[in-house]
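S.K.: Input input.cif, format and content: mmCIF, C-alpha atoms.
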data_structure
loop_
_atom_site.label_atom_id
_atom_site.label_comp_id
_atom_site.auth_asym_id
_atom_site.auth_seq_id
_atom_site.Cartn_x
_atom_site.Cartn_y
_atom_site.Cartn_z
CA VAL A 1 124.12 7.42 4.03
CA ARG A 2 126.70 4.86 2.94
CA ASN A 3 124.34 3.76 0.17
CA LEU A 4 124.16 7.36 -1.05
CA PHE A 5 127.93 7.66 -1.30
CA SER A 6 128.21 4.20 -2.89
CA ALA A 7 125.74 5.34 -5.54
CA ILE A 8 127.77 8.51 -6.14
CA ARG A 9 130.93 6.44 -6.55
CA ARG A 10 129.16 4.08 -8.99
CA LEU A 11 127.85 7.00 -11.04
CA TYR A 12 131.01 9.12 -11.12
CA SER A 13 133.81 6.63 -10.30
CA CYS A 14 135.04 8.89 -7.51
CA ALA A 15 134.04 10.55 -4.28
CA PRO A 16 132.53 14.03 -4.42
CA THR A 17 134.94 16.92 -3.99
CA VAL A 18 132.15 19.16 -2.70
CA VAL A 19 129.26 18.33 -0.37
CA VAL A 20 126.55 20.79 0.69
CA ASN A 21 124.37 19.66 3.61
CA SER A 22 121.16 21.61 3.23
CA ALA A 23 118.48 19.31 4.64
CA GLY A 24 116.43 20.86 7.37
CA CYS A 25 113.09 20.97 9.10
CA LEU A 26 111.56 23.43 11.50
CA THR A 27 109.02 23.32 14.30
CA HIS A 28 107.38 26.45 15.65
CA SER A 29 105.88 26.13 19.11
CA PHE A 30 106.23 27.47 22.62
CA LEU A 31 108.88 25.58 24.57
CA LEU A 32 106.44 24.25 27.18
CA ASN A 33 104.09 22.96 24.47
CA THR A 34 106.82 21.12 22.55
CA ASP A 35 107.05 17.39 23.07
CA GLU A 36 110.18 15.28 23.10
CA ARG A 37 109.40 13.77 19.68
CA ALA A 38 109.54 17.23 18.08
CA PHE A 39 112.90 17.89 19.72
CA ASP A 40 114.26 14.51 18.59
CA GLU A 41 113.08 15.18 15.02
CA MET A 42 114.85 18.56 14.95
CA VAL A 43 118.09 16.99 16.17
CA ARG A 44 117.77 13.95 13.88
CA VAL A 45 117.24 15.94 10.68
CA ASN A 46 119.17 19.15 11.35
CA LEU A 47 122.16 17.92 13.37
CA LYS A 48 122.51 14.15 13.12
CA GLY A 49 121.92 14.22 9.36
CA THR A 50 124.67 16.82 8.98
CA PHE A 51 127.00 14.73 11.15
CA LEU A 52 126.36 11.52 9.19
CA ILE A 53 126.78 13.13 5.76
CA THR A 54 129.90 15.06 6.81
CA GLN A 55 131.46 11.95 8.34
CA GLU A 56 130.83 9.74 5.32
CA ALA A 57 131.82 12.48 2.86
CA ALA A 58 135.14 12.93 4.67
CA ARG A 59 135.75 9.16 4.66
CA GLU A 60 135.07 9.00 0.94
CA MET A 61 137.19 12.06 0.20
CA MET A 62 140.10 10.60 2.16
CA ALA A 63 139.72 7.22 0.43
CA ASP A 64 139.84 9.06 -2.87
CA GLY A 65 143.09 10.87 -2.27
CA ALA A 66 142.50 13.68 0.21
CA THR A 67 145.70 13.01 2.14
CA LYS A 68 147.56 14.80 4.87
CA ALA A 69 149.20 17.97 3.66
CA THR A 70 152.98 17.98 3.40
CA ASN A 71 154.86 21.20 4.12
CA GLY A 72 151.54 23.00 4.34
CA ASN A 73 150.64 22.16 0.75
CA PRO A 74 147.45 20.13 0.50
CA GLN A 75 147.36 17.34 -2.03
CA MET A 76 143.77 18.08 -3.03
CA ASP A 77 141.21 20.67 -2.03
CA ARG A 78 137.80 19.36 -0.91
CA SER A 79 134.92 21.29 0.62
CA ILE A 80 132.01 20.47 2.92
CA VAL A 81 129.43 23.21 3.43
CA ASN A 82 126.81 22.82 6.15
CA ILE A 83 123.72 25.01 6.19
CA SER A 84 122.69 26.26 9.63
CA THR A 85 120.83 29.51 10.41
CA ILE A 86 121.64 32.86 11.96
CA LEU A 87 119.10 31.89 14.62
CA GLY A 88 121.63 29.29 15.77
CA SER A 89 123.66 32.25 17.01
CA THR A 90 120.86 34.51 18.20
CA GLY A 91 117.91 32.36 19.27
CA PHE A 92 114.27 33.13 18.51
CA PRO A 93 110.99 32.61 20.40
CA LYS A 94 109.03 29.42 19.70
CA MET A 95 111.96 27.83 17.85
CA SER A 96 114.05 26.45 20.72
CA CYS A 97 114.33 22.91 19.30
CA TYR A 98 115.25 24.11 15.81
CA VAL A 99 117.72 26.67 17.16
CA ALA A 100 119.35 24.09 19.46
CA ALA A 101 119.95 21.70 16.57
CA LYS A 102 121.18 24.39 14.17
CA SER A 103 123.45 25.85 16.85
CA GLY A 104 124.93 22.37 17.12
CA VAL A 105 125.65 22.44 13.37
CA ILE A 106 127.76 25.57 13.84
CA GLY A 107 129.88 24.05 16.62
CA PHE A 108 130.13 20.69 14.86
CA THR A 109 131.32 22.34 11.63
CA LYS A 110 134.01 24.34 13.43
CA SER A 111 135.30 21.19 15.14
CA ALA A 112 135.17 19.18 11.90
CA ALA A 113 137.16 21.95 10.19
CA LEU A 114 139.94 21.58 12.76
CA GLU A 115 140.02 17.80 12.38
CA LEU A 116 139.82 17.66 8.59
CA ALA A 117 142.04 20.60 7.59
CA PRO A 118 145.22 18.46 7.72
CA TYR A 119 143.60 16.30 5.03
CA ALA A 120 142.87 19.29 2.76
CA ILE A 121 139.14 19.09 3.48
CA ARG A 122 137.62 22.46 4.30
CA CYS A 123 134.41 22.68 6.39
CA ASN A 124 132.32 25.81 6.65
CA THR A 125 128.79 26.72 7.58
CA VAL A 126 126.41 29.20 6.03
CA LEU A 127 124.00 31.04 8.33
CA PRO A 128 120.99 32.20 6.31
CA GLY A 129 118.52 34.70 7.63
CA VAL A 130 114.86 34.58 6.63
CA THR A 131 114.95 33.11 3.13
CA ASP A 132 112.07 32.42 0.75
CA THR A 133 112.06 28.60 0.88
CA PRO A 134 109.54 25.91 1.87
CA LEU A 135 111.23 25.79 5.29
CA LEU A 136 109.24 28.91 6.20
CA SER A 137 105.91 27.12 5.71
CA PRO A 138 105.46 26.15 9.40
CA LEU A 139 105.74 29.83 10.35
CA ASP A 140 102.77 32.17 10.49
CA GLU A 141 102.98 35.40 8.48
CA GLU A 142 103.39 37.49 11.66
CA THR A 143 106.56 35.58 12.60
CA VAL A 144 108.01 35.88 9.09
CA GLN A 145 107.32 39.63 9.08
CA LYS A 146 108.90 39.99 12.53
CA LEU A 147 112.08 38.36 11.22
CA ILE A 148 112.07 40.54 8.10
CA ARG A 149 111.67 43.70 10.21
CA ARG A 150 114.71 42.67 12.28
CA SER A 151 116.92 42.63 9.17
CA ALA A 152 118.67 45.78 7.96
CA MET A 153 117.56 45.15 4.36
CA ARG A 154 113.90 44.62 5.38
CA ARG A 155 113.32 41.78 2.90
CA GLU A 156 113.53 38.03 2.58
CA GLY A 157 116.59 36.50 1.06
CA LYS A 158 116.37 34.41 -2.09
CA PRO A 159 117.72 30.87 -2.41
CA GLU A 160 120.22 32.28 -4.92
CA ASP A 161 121.70 34.48 -2.17
CA ILE A 162 122.56 31.37 -0.18
CA ALA A 163 123.64 29.37 -3.24
CA SER A 164 126.17 32.00 -4.33
CA VAL A 165 127.94 31.79 -0.96
CA CYS A 166 127.94 27.98 -1.19
CA VAL A 167 129.49 28.19 -4.67
CA PHE A 168 132.21 30.47 -3.31
CA LEU A 169 132.92 28.08 -0.41
CA ALA A 170 133.08 25.15 -2.83
CA SER A 171 135.50 26.92 -5.16
CA PRO A 172 139.29 27.32 -5.05
CA ARG A 173 138.69 31.05 -4.46
CA SER A 174 137.95 30.13 -0.82
CA SER A 175 141.00 27.89 -0.41
CA TYR A 176 142.02 29.67 2.81
CA VAL A 177 138.54 29.57 4.38
CA THR A 178 137.72 26.81 6.84
CA GLY A 179 135.84 26.76 10.12
CA ALA A 180 133.94 29.88 9.11
CA ALA A 181 130.30 30.63 9.84
CA ILE A 182 129.25 33.03 7.09
CA GLU A 183 126.12 35.09 7.65
CA VAL A 184 123.80 35.66 4.68
CA THR A 185 121.08 37.53 6.53
CA GLY A 186 120.38 40.93 5.03
CA GLY A 187 121.80 42.34 8.25
CA LEU A 188 119.54 40.38 10.62
CA SER A 189 122.27 40.22 13.26
CA ALA A 190 123.71 43.71 12.63
#
Once you've parsed the file, please lay out its structure as structure tokens.

M.R.:
Amino acid sequence: VRNLFSAIRRLYSCAPTVVVNSAGCLTHSFLLNTDERAFDEMVRVNLKGTFLITQEAAREMMADGATKATNGNPQMDRSIVNISTILGSTGFPKMSCYVAAKSGVIGFTKSAALELAPYAIRCNTVLPGVTDTPLLSPLDEETVQKLIRRSAMRREGKPEDIASVCVFLASPRSSYVTGAAIEVTGGLSA
């Protein structure tokens, strides 16, 4: 992770002002048939990866001038956006390991927002519903359709639906938004 941020600094001569953590993997199996390795993989990729990138991004942002706000006026506005899932709030059968890790991302992001806000670094999480991405590939068609039927809009989301919310959270238009978990689900949790 440090090598990644060192490479960014070499390329751009500064730390990033926006970081979007979107790495993820999914396993789909009955709880009692899931081995410890699968659980560890879900936590390593979905939660630990988010932690490591967020931590190093914040260090780099602070080294590059994100300083404590004075009189409530931040010196610079930086943004970290972590991608979780609405299932991190609701649960879903045969996804307990994935849901546990992604639920952790939600709590971690809220805590990071509280710690980093004094340094003008905003942290938010986006909670996609069923979205047409390669992440769905481990799921059988019946499971995908079950998720789609649960949503009010009765369709899959598009990557652009998620990206537009990330762009908003990265922009100055969201300067008063931190610690939020924004649902982009087509009404899956409505």

S.K.: List the neighbours of A:Leu139 out to 7 Å using all atoms listed in the file; skip same-chain residues closer than 4 positions along the sequence, and give me the result as a PyMOL selection string.

M.R.: chain A and resi 28+143-144

S.K.: Using only C-alpha atoms, which protein or nucleic acid residues come within 9 Å of A:Met61? Drop anything in the same chain fewer than 6 positions from it, and give the result as JSON, numbers by chain.

M.R.: {"A": [14, 15, 16, 17, 67, 78, 121]}

S.K.: Enumerate, as a JSON list (two decimals) with C-alpha atoms, in the frame of the given file, the residues matched when the PyMOL selection byres ((chain A and resi 86) around 6) is run on the file above.

M.R.:
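Final output, out.json:
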[["chain", "number", "residue", "atom", "x", "y", "z"],
["A", 85, "THR", "CA", 120.83, 29.51, 10.41],
["A", 87, "LEU", "CA", 119.10, 31.89, 14.62],
["A", 88, "GLY", "CA", 121.63, 29.29, 15.77],
["A", 89, "SER", "CA", 123.66, 32.25, 17.01],
["A", 127, "LEU", "CA", 124.00, 31.04, 8.33],
["A", 128, "PRO", "CA", 120.99, 32.20, 6.31],
["A", 129, "GLY", "CA", 118.52, 34.70, 7.63]]

S.K.: Just how far from atom CA of A:Gly24 is atom CA of A:Ala63, in Å to one decimal?

M.R.: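 Between these atoms lies a distance of 27.9 Å.
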
S.K.: Give the answer as one residue: which of A:Phe92, A:Tyr176, A:Phe51, A:Tyr119 has the shortest atom-to-atom distance to A:Gly104, using only C-alpha atoms?

M.R.: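 Closest to A:Gly104 of all the choices is A:Phe51.
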
S.K.: Can you work out the spacing between atom CA of A:Ala190 and atom CA of A:Met153 in Å, to one decimal?

M.R.: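 Pair atom CA of A:Ala190 / atom CA of A:Met153 returns 10.4 Å.
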
S.K.: Using only C-alpha atoms, determine which residues lie at most 6 Å from A:Gly179, disregarding the query and same-chain residues fewer than 4 positions distant; provide the list as a PyMOL selection string.

M.R.: chain A and resi 110+113+123-124

S.K.: Would you output that residue set with C-alpha atoms, as a tab-separated table (two decimals), in the coordinates of the input?

M.R.:
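Saved as selection.tsv:
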chain	number	residue	atom	x	y	z
A	110	LYS	CA	134.01	24.34	13.43
A	113	ALA	CA	137.16	21.95	10.19
A	123	CYS	CA	134.41	22.68	6.39
A	124	ASN	CA	132.32	25.81	6.65

S.K.: For a quick check of understanding, using all atoms listed in the file, which of A:Glu160, A:Glu60, A:Asp132, A:Asp77 has the smallest distance to A:Ser174?

M.R.: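 Answer, going by the shortest atom-to-atom distance: A:Asp77.
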
S.K.: Could you list, as a CSV table (one decimal) with C-alpha atoms, in the frame of the given file, every residue within 12 Å of A:Ser111, counting all atoms listed in the file and ignoring same-chain residues fewer than 3 positions away?

M.R.:
chain,number,residue,atom,x,y,z
A,51,PHE,CA,127.0,14.7,11.2
A,54,THR,CA,129.9,15.1,6.8
A,104,GLY,CA,124.9,22.4,17.1
A,105,VAL,CA,125.6,22.4,13.4
A,106,ILE,CA,127.8,25.6,13.8
A,107,GLY,CA,129.9,24.0,16.6
A,108,PHE,CA,130.1,20.7,14.9
A,114,LEU,CA,139.9,21.6,12.8
A,115,GLU,CA,140.0,17.8,12.4
A,116,LEU,CA,139.8,17.7,8.6
A,117,ALA,CA,142.0,20.6,7.6
A,122,ARG,CA,137.6,22.5,4.3
A,123,CYS,CA,134.4,22.7,6.4
A,124,ASN,CA,132.3,25.8,6.6
A,125,THR,CA,128.8,26.7,7.6
A,178,THR,CA,137.7,26.8,6.8
A,179,GLY,CA,135.8,26.8,10.1
A,180,ALA,CA,133.9,29.9,9.1
A,181,ALA,CA,130.3,30.6,9.8

S.K.: How many Å lie between atom CA of A:Asp161 and atom CA of A:Val99, rounded to one decimal?

M.R.: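 It comes out at 21.2 Å.
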
S.K.: N, CA and C atoms are needed for stretch 129-152 of chain A; please write them out as an mmCIF file, in the frame of the given file.

M.R.:
data_model
loop_
_atom_site.group_PDB
_atom_site.id
_atom_site.type_symbol
_atom_site.label_atom_id
_atom_site.label_comp_id
_atom_site.auth_asym_id
_atom_site.auth_seq_id
_atom_site.Cartn_x
_atom_site.Cartn_y
_atom_site.Cartn_z
ATOM 1 N N GLY A 129 119.600 34.049 6.909
ATOM 2 C CA GLY A 129 118.520 34.700 7.630
ATOM 3 C C GLY A 129 117.211 34.193 7.061
ATOM 4 N N VAL A 130 116.155 34.988 7.179
ATOM 5 C CA VAL A 130 114.860 34.580 6.630
ATOM 6 C C VAL A 130 114.980 34.531 5.108
ATOM 7 N N THR A 131 114.753 33.352 4.555
ATOM 8 C CA THR A 131 114.950 33.110 3.130
ATOM 9 C C THR A 131 113.689 32.462 2.564
ATOM 10 N N ASP A 132 113.292 32.892 1.394
ATOM 11 C CA ASP A 132 112.070 32.420 0.750
ATOM 12 C C ASP A 132 112.230 30.973 0.280
ATOM 13 N N THR A 133 112.003 30.034 1.188
ATOM 14 C CA THR A 133 112.060 28.600 0.880
ATOM 15 C C THR A 133 110.887 27.907 1.564
ATOM 16 N N PRO A 134 110.613 26.657 1.199
ATOM 17 C CA PRO A 134 109.540 25.910 1.870
ATOM 18 C C PRO A 134 109.755 25.740 3.375
ATOM 19 N N LEU A 135 110.979 25.929 3.856
ATOM 20 C CA LEU A 135 111.230 25.790 5.290
ATOM 21 C C LEU A 135 110.416 26.798 6.110
ATOM 22 N N LEU A 136 110.039 27.902 5.489
ATOM 23 C CA LEU A 136 109.240 28.910 6.200
ATOM 24 C C LEU A 136 107.787 28.500 6.387
ATOM 25 N N SER A 137 107.341 27.464 5.694
ATOM 26 C CA SER A 137 105.910 27.120 5.710
ATOM 27 C C SER A 137 105.325 26.861 7.101
ATOM 28 N N PRO A 138 106.071 26.319 8.081
ATOM 29 C CA PRO A 138 105.460 26.150 9.400
ATOM 30 C C PRO A 138 105.234 27.475 10.152
ATOM 31 N N LEU A 139 105.832 28.551 9.650
ATOM 32 C CA LEU A 139 105.740 29.830 10.350
ATOM 33 C C LEU A 139 104.516 30.613 9.911
ATOM 34 N N ASP A 140 103.880 31.292 10.852
ATOM 35 C CA ASP A 140 102.770 32.170 10.490
ATOM 36 C C ASP A 140 103.352 33.462 9.905
ATOM 37 N N GLU A 141 102.532 34.185 9.169
ATOM 38 C CA GLU A 141 102.980 35.400 8.480
ATOM 39 C C GLU A 141 103.517 36.440 9.472
ATOM 40 N N GLU A 142 102.932 36.525 10.649
ATOM 41 C CA GLU A 142 103.390 37.490 11.660
ATOM 42 C C GLU A 142 104.844 37.214 12.064
ATOM 43 N N THR A 143 105.192 35.942 12.229
ATOM 44 C CA THR A 143 106.560 35.580 12.600
ATOM 45 C C THR A 143 107.533 35.901 11.477
ATOM 46 N N VAL A 144 107.152 35.577 10.245
ATOM 47 C CA VAL A 144 108.010 35.880 9.090
ATOM 48 C C VAL A 144 108.240 37.388 9.009
ATOM 49 N N GLN A 145 107.183 38.172 9.151
ATOM 50 C CA GLN A 145 107.320 39.630 9.080
ATOM 51 C C GLN A 145 108.176 40.171 10.226
ATOM 52 N N LYS A 146 108.073 39.579 11.391
ATOM 53 C CA LYS A 146 108.900 39.990 12.530
ATOM 54 C C LYS A 146 110.380 39.775 12.212
ATOM 55 N N LEU A 147 110.693 38.636 11.611
ATOM 56 C CA LEU A 147 112.080 38.360 11.220
ATOM 57 C C LEU A 147 112.551 39.335 10.149
ATOM 58 N N ILE A 148 111.705 39.603 9.173
ATOM 59 C CA ILE A 148 112.070 40.540 8.100
ATOM 60 C C ILE A 148 112.332 41.927 8.685
ATOM 61 N N ARG A 149 111.486 42.373 9.599
ATOM 62 C CA ARG A 149 111.670 43.700 10.210
ATOM 63 C C ARG A 149 112.973 43.793 11.001
ATOM 64 N N ARG A 150 113.447 42.673 11.528
ATOM 65 C CA ARG A 150 114.710 42.670 12.280
ATOM 66 C C ARG A 150 115.926 42.819 11.372
ATOM 67 N N SER A 151 115.768 42.559 10.075
ATOM 68 C CA SER A 151 116.920 42.630 9.170
ATOM 69 C C SER A 151 117.114 44.053 8.661
ATOM 70 N N ALA A 152 118.351 44.439 8.443
ATOM 71 C CA ALA A 152 118.670 45.780 7.960
ATOM 72 C C ALA A 152 118.095 46.030 6.572
#
